[in-house]
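Here is the structure we will look at.
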Amino acid sequence: MGTRTGYVVPRGLVLLVSLTAHCSSPQASGFFRQGLASSMGSQVARLSASILQGFQCQEAGQLSQAQFSSLVREAQKQKAILNARQLSCMANLLALHNLTSDFADYPPDLLLFYDLRNVDEAKCRAFISRASQGNLNLLSGLSAQKRELLNMSLTCLGNPGTNLSKEDLSILGSLVCDMEPAVIRESDPHILDNLKHCSQLTAGQQDALNALLHSGATSLGAPESWNLGRLWSLGPLAFYINSTLWKMVTKEVSKDFFRDVVARYQAGSLPRSRVQSFVDSFLTQELTVSRANRETGRRCSRGNITAQVIQDELFMVRYDCKQLKSCLGSKVLKANLNPLLQHPLPGECQRVVKGKLSEIYPGGVPEDQLKLITSLVYLYTNDEIGHWNITSRDTVVALLSSDVAMENQTQAVIKKYLELNGTVTGALLVAIGGFRLCWMSPRQIEAIRPVELRRAGALDISSCAQERKDDLYEKAKEAFSGSNGTVTYYHYIRPYLGGAPVEDLKHLSRANISMDIDTFTSLNPEVLQNLSLSNVAKLLGRNVADLRKARSNPAVSSWLQSQNQSALEALGLGRTPEQLHPSSATTGKPLPAWITDKGHKSSASPSGHITVTTTSGCCVLAPLHVFSALGLPIGLILLMKLL
């Protein structure tokens with residue numbers, strides 16, 4: 001709802017986002033701990049999805065094998081939505097408990113974070129089929145892991161090349177989304193079912209999709225035969241149809257589809273980002289006879305725009321931007337601003353509306369109207385925003401909660417709000433999103449009271465420039481310094497660690513926090529280069545093997561290159577992709593021949609002992625609980641022996 005044009009923010013939204021902030025990671029972890037405390041014996045008590053979504057690595061690491069197995073199965077049963085940080089930890093704990101073989105009972109998202117070298121070739125098809133149902137966007141920060149998953153999948157299928165069969169496609173699922181455009185052109189036409197699950201197609205993939213649809217080889221048939229039902233059966237793929245294909249679809253069907261799209265957009269069921277590109281492509285076509293009439297030179301050839309005209313879902317088809325400028329009067333615009341902006345207007349038309357509003361309100365748009373022009377905010381300069389009257393948090397939320405306002409507009413809106421005695425609260429920070437913090441000025445960040453940042457909970461500032469991360473870290477450090485214990489402090493400070501200096505990270509490394517790989521890769525690259533291998537091993541703890549999944553990250557790759565090769569191998573790592581292999585949970589038998597293994601091997605045996613073997617042949621054998629009690633990763637124990 002946040003991106004819909006002209007959306008009026010309900011007054012209850014601030015309360016809603018306040019509750020959202022209260023239930024964010026640090027607070028939710030408390031509910032998770034309470035849920036675990038209610039468990040009896042080897043089974044974890046039935047936990048709701050909301051409690052499971054507060055999953056914390058530290059607490060889960062204290063569970064027995066049977067309890068943890070029960071917890072993961074409960075997460076699948078309750079369809080709990082977990083983030084990449086939680087899933088990565090869960091996958092590592094499964095390997096530690098030697099529970100990876102039961103993947104059929106686990107959430108598909110979880111399988112994306114598996115150490116893929118632990119997958120038995122005999123079960124690879126079943127594994128891929130389930131993993132491909134997961135949300136691949138969770139691996140956005142682990143491109144090496146995603147690439148390895150895709151390569152392993154193709155190897156399992158016998159390397160079919162670009163010509164995938166219907167059976168191959170049924171197994172690969174959404175993994176097809178990361179394949180080359182040639183795969184779309186040359187595979188079985190049922191690939192459409194796979195592509196429907198892709199969050200975004202590249203330009204090349206879109207061209208291949210249109211070529212496939214143009215061929216008429218799919219179940220939809222030739223574009224000339226499409227009806228409204230067939231168009232909607234394409235799901236999100238319908239929004240990639242290019243202008244060439246739209247010319248082939250009958251005008252009646254295409255206009256019916258356009259009408260449906262606008263209606264669903266206005267109802268809030270379609271996001272602007274998806275609809276806008278479709279509208280821009282669709283409106284380039286001459287779909288009505290009236291389009292030709294617009295070239296006659298007449299100033300307003302379609303007739304004056306009225307309230308009734310604006311209510312028509314085909315309004316944009318009948319009035320292009322030139323006609324909008326000529327036929328829309330100031331009185332009608334002022335009285336119908338909200339319904340007009342409910343249409344996904346092209347950029348040129350939006351500029352027409354802005355110009356007319358400037359004529360109506362030469363002293364600046366009134367505050368009660370600002371909540372209606374959220375889709376136009378990006379067109380306003382700092383000076384223009386400076387003439388606005390922004391006194392309400394609801395107004396700030398309306399202007400900034402969508403993805404339209406850019407950096408300059410963000411700073412200008414908040415500046416004006418603060419000038420008029422407004423305050424940046426935790427609820428407001430949650431409502432506008434963590435990425436807006438990236439666009440606040442240092443002075444505006446300084447104006448945030450520490451207690452409000454604490455109330456906001458975990459905000460995502462990963463897209464911030466390094467300078468802004470540094471500013472936010474200092475503010476967060478002030479906000480969370482009174483936390484009870486280092487582990488609790490870490491839960492709060494984690495999203496802001498991208499601005500942490502070396503000494504602060506070294507301090508955290510002594511607290512047995514087992515930092516997740518996503519947080520690790522968000523650290524300041526310059527600071528990361530100044531951390532020793534021992535520092536990193538202690539920081540990551542049980543997650544140290546995840547360095548392999550992040551080996552494509554430039555900062556991680558650079559750090560690996562600077563480390564001692566023998567010491568890296570002691571952790572099961574290497575400085576190059578070929579040398580970088582994590583620990584593999586096995587039952588003592590050799591690794592599958594279909595996946596190459598180099599360096600060291602470690603295994604968690606049924607007896608509860610862990611064996612680590614290095615390339616030099618030295619070994620460590622100890623009960624699992626010894627390492628857990630010490631709070632140290634296996635590789636670190638061995639590393640200290642070698643050093």
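Each chain in the structure tokens gets a letter, A, B, ..., in the order shown, and its residues are numbered from 1; ligands are numbered from 1 in order too.
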
To test your reading of the structure, identify every residue in region 483-559 of chain A that backbone DSSP assigns to helix (DSSP H, G or I), and report it as a PDB file with C-alpha atoms, in the first residue's frame.
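File result13.pdb, as written:
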ATOM      1  CA  THR A 486      27.129  -8.083  25.602  1.00  0.00           C
ATOM      2  CA  VAL A 487      24.923 -10.651  23.845  1.00  0.00           C
ATOM      3  CA  THR A 488      21.804  -8.509  24.336  1.00  0.00           C
ATOM      4  CA  TYR A 489      23.768  -5.449  23.243  1.00  0.00           C
ATOM      5  CA  TYR A 490      24.800  -7.314  20.090  1.00  0.00           C
ATOM      6  CA  HIS A 491      21.179  -8.084  19.196  1.00  0.00           C
ATOM      7  CA  TYR A 492      20.445  -4.353  19.222  1.00  0.00           C
ATOM      8  CA  ILE A 493      23.659  -3.041  17.665  1.00  0.00           C
ATOM      9  CA  ARG A 494      23.936  -5.698  14.917  1.00  0.00           C
ATOM     10  CA  PRO A 495      22.175  -3.733  12.114  1.00  0.00           C
ATOM     11  CA  TYR A 496      24.537  -0.800  12.693  1.00  0.00           C
ATOM     12  CA  LEU A 497      27.858  -2.678  12.842  1.00  0.00           C
ATOM     13  CA  GLY A 498      28.722  -1.547   9.318  1.00  0.00           C
ATOM     14  CA  GLY A 499      30.078   1.575  10.981  1.00  0.00           C
ATOM     15  CA  VAL A 502      38.234  -2.346  14.725  1.00  0.00           C
ATOM     16  CA  GLU A 503      38.448  -2.186  18.503  1.00  0.00           C
ATOM     17  CA  ASP A 504      34.694  -2.526  18.970  1.00  0.00           C
ATOM     18  CA  LEU A 505      34.591  -5.594  16.731  1.00  0.00           C
ATOM     19  CA  LYS A 506      37.480  -7.166  18.617  1.00  0.00           C
ATOM     20  CA  HIS A 507      35.550  -6.630  21.834  1.00  0.00           C
ATOM     21  CA  LEU A 508      32.504  -8.366  20.361  1.00  0.00           C
ATOM     22  CA  SER A 509      34.660 -11.262  19.169  1.00  0.00           C
ATOM     23  CA  ILE A 517      27.611 -13.858   7.417  1.00  0.00           C
ATOM     24  CA  ASP A 518      25.246 -11.113   6.211  1.00  0.00           C
ATOM     25  CA  THR A 519      26.294  -8.865   9.083  1.00  0.00           C
ATOM     26  CA  PHE A 520      29.939  -9.782   8.516  1.00  0.00           C
ATOM     27  CA  THR A 521      29.831  -8.795   4.846  1.00  0.00           C
ATOM     28  CA  PRO A 525      35.797  -3.115   4.174  1.00  0.00           C
ATOM     29  CA  GLU A 526      38.757  -1.113   5.503  1.00  0.00           C
ATOM     30  CA  VAL A 527      38.033  -2.252   9.052  1.00  0.00           C
ATOM     31  CA  LEU A 528      37.627  -5.848   7.913  1.00  0.00           C
ATOM     32  CA  LEU A 533      42.143 -14.556  11.252  1.00  0.00           C
ATOM     33  CA  SER A 534      41.672 -15.240  14.937  1.00  0.00           C
ATOM     34  CA  ASN A 535      39.410 -12.161  15.275  1.00  0.00           C
ATOM     35  CA  VAL A 536      37.252 -13.271  12.367  1.00  0.00           C
ATOM     36  CA  ALA A 537      37.042 -16.875  13.552  1.00  0.00           C
ATOM     37  CA  LYS A 538      35.886 -15.732  16.978  1.00  0.00           C
ATOM     38  CA  LEU A 539      33.416 -13.243  15.522  1.00  0.00           C
ATOM     39  CA  LEU A 540      31.780 -15.804  13.243  1.00  0.00           C
ATOM     40  CA  GLY A 541      31.983 -18.681  15.710  1.00  0.00           C
ATOM     41  CA  ARG A 542      29.947 -21.611  14.453  1.00  0.00           C
ATOM     42  CA  ASN A 543      29.261 -19.650  11.266  1.00  0.00           C
ATOM     43  CA  VAL A 544      32.899 -19.454  10.166  1.00  0.00           C
ATOM     44  CA  ALA A 545      32.310 -21.926   7.328  1.00  0.00           C
ATOM     45  CA  ASP A 546      29.904 -19.416   5.784  1.00  0.00           C
ATOM     46  CA  LEU A 547      32.923 -17.482   4.541  1.00  0.00           C
ATOM     47  CA  PRO A 554      34.939  -8.104  -2.720  1.00  0.00           C
ATOM     48  CA  ALA A 555      35.813  -7.303   0.904  1.00  0.00           C
ATOM     49  CA  VAL A 556      35.782 -10.989   1.928  1.00  0.00           C
ATOM     50  CA  SER A 557      37.808 -11.983  -1.120  1.00  0.00           C
ATOM     51  CA  SER A 558      40.398  -9.289  -0.386  1.00  0.00           C
ATOM     52  CA  TRP A 559      40.603 -10.344   3.260  1.00  0.00           C
TER      53      TRP A 559
END

Excluding same-chain residues fewer than 3 positions from Asp188 (chain A), what lies within 8 Å of it counting only C-alpha atoms, as a PyMOL selection string? chain A and resi 163-166+191

Selected residues written out, C-alpha atoms, as a PDB file, in the first residue's frame:
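Saved the output as selection30.pdb:
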ATOM      1  CA  ASN A 163      17.542 -27.062 -23.644  1.00  0.00           C
ATOM      2  CA  LEU A 164      15.668 -27.936 -20.460  1.00  0.00           C
ATOM      3  CA  SER A 165      12.936 -30.557 -20.601  1.00  0.00           C
ATOM      4  CA  LYS A 166       9.586 -30.299 -18.868  1.00  0.00           C
ATOM      5  CA  ILE A 191       9.311 -22.653 -18.674  1.00  0.00           C
TER       6      ILE A 191
END

In Å, with one decimal, what is the gap from CA of Ile305 (chain A) to CA of Leu324 (chain A)? 7.9 Å

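Between CA of Phe103 (chain A) and CA of Lys77 (chain A) the interatomic distance comes to 13.4 Å.
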
List the neighbours of Asn135 (chain A) out to 10 Å using only C-alpha atoms; skip same-chain residues closer than 5 positions along the sequence, and give me the result as a list in words. Pro108, Asp109, Leu110, Leu112, Ser174, Leu175, His197, Cys198 and Ser199 of chain A

Shell of 10 Å around Leu87 (chain A), only C-alpha atoms, local chain residues under 2 positions omitted, as a list in words: Phe55, Cys57, Ile81, Leu82, Asn83, Ala84, Arg85, Cys89, Met90, Ala91, Asn92, Leu93, Pro107, Asp109, Leu110, Leu111, Leu112, Phe113, Tyr114, Leu138 and Asp516 of chain A

Mind checking which residues fall within 12 Å of region 331-341 of chain A, counting only C-alpha atoms, ignoring those fewer than 5 positions away in the same chain, and posting them as number ranges by chain? A: 3-8, 262-263, 265-267, 272, 304-313, 315-316, 324-325, 346-347, 349-361, 365-366, 368-376

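Here CA of Ser514 (chain A) and CA of Leu96 (chain A) stand 13.8 Å from one another.
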
Out of A:Ala80, A:Ile241, A:Leu116, A:Ile128, which residue has the shortest atom-to-atom distance to Arg548 (chain A) when counting only C-alpha atoms? A:Leu116
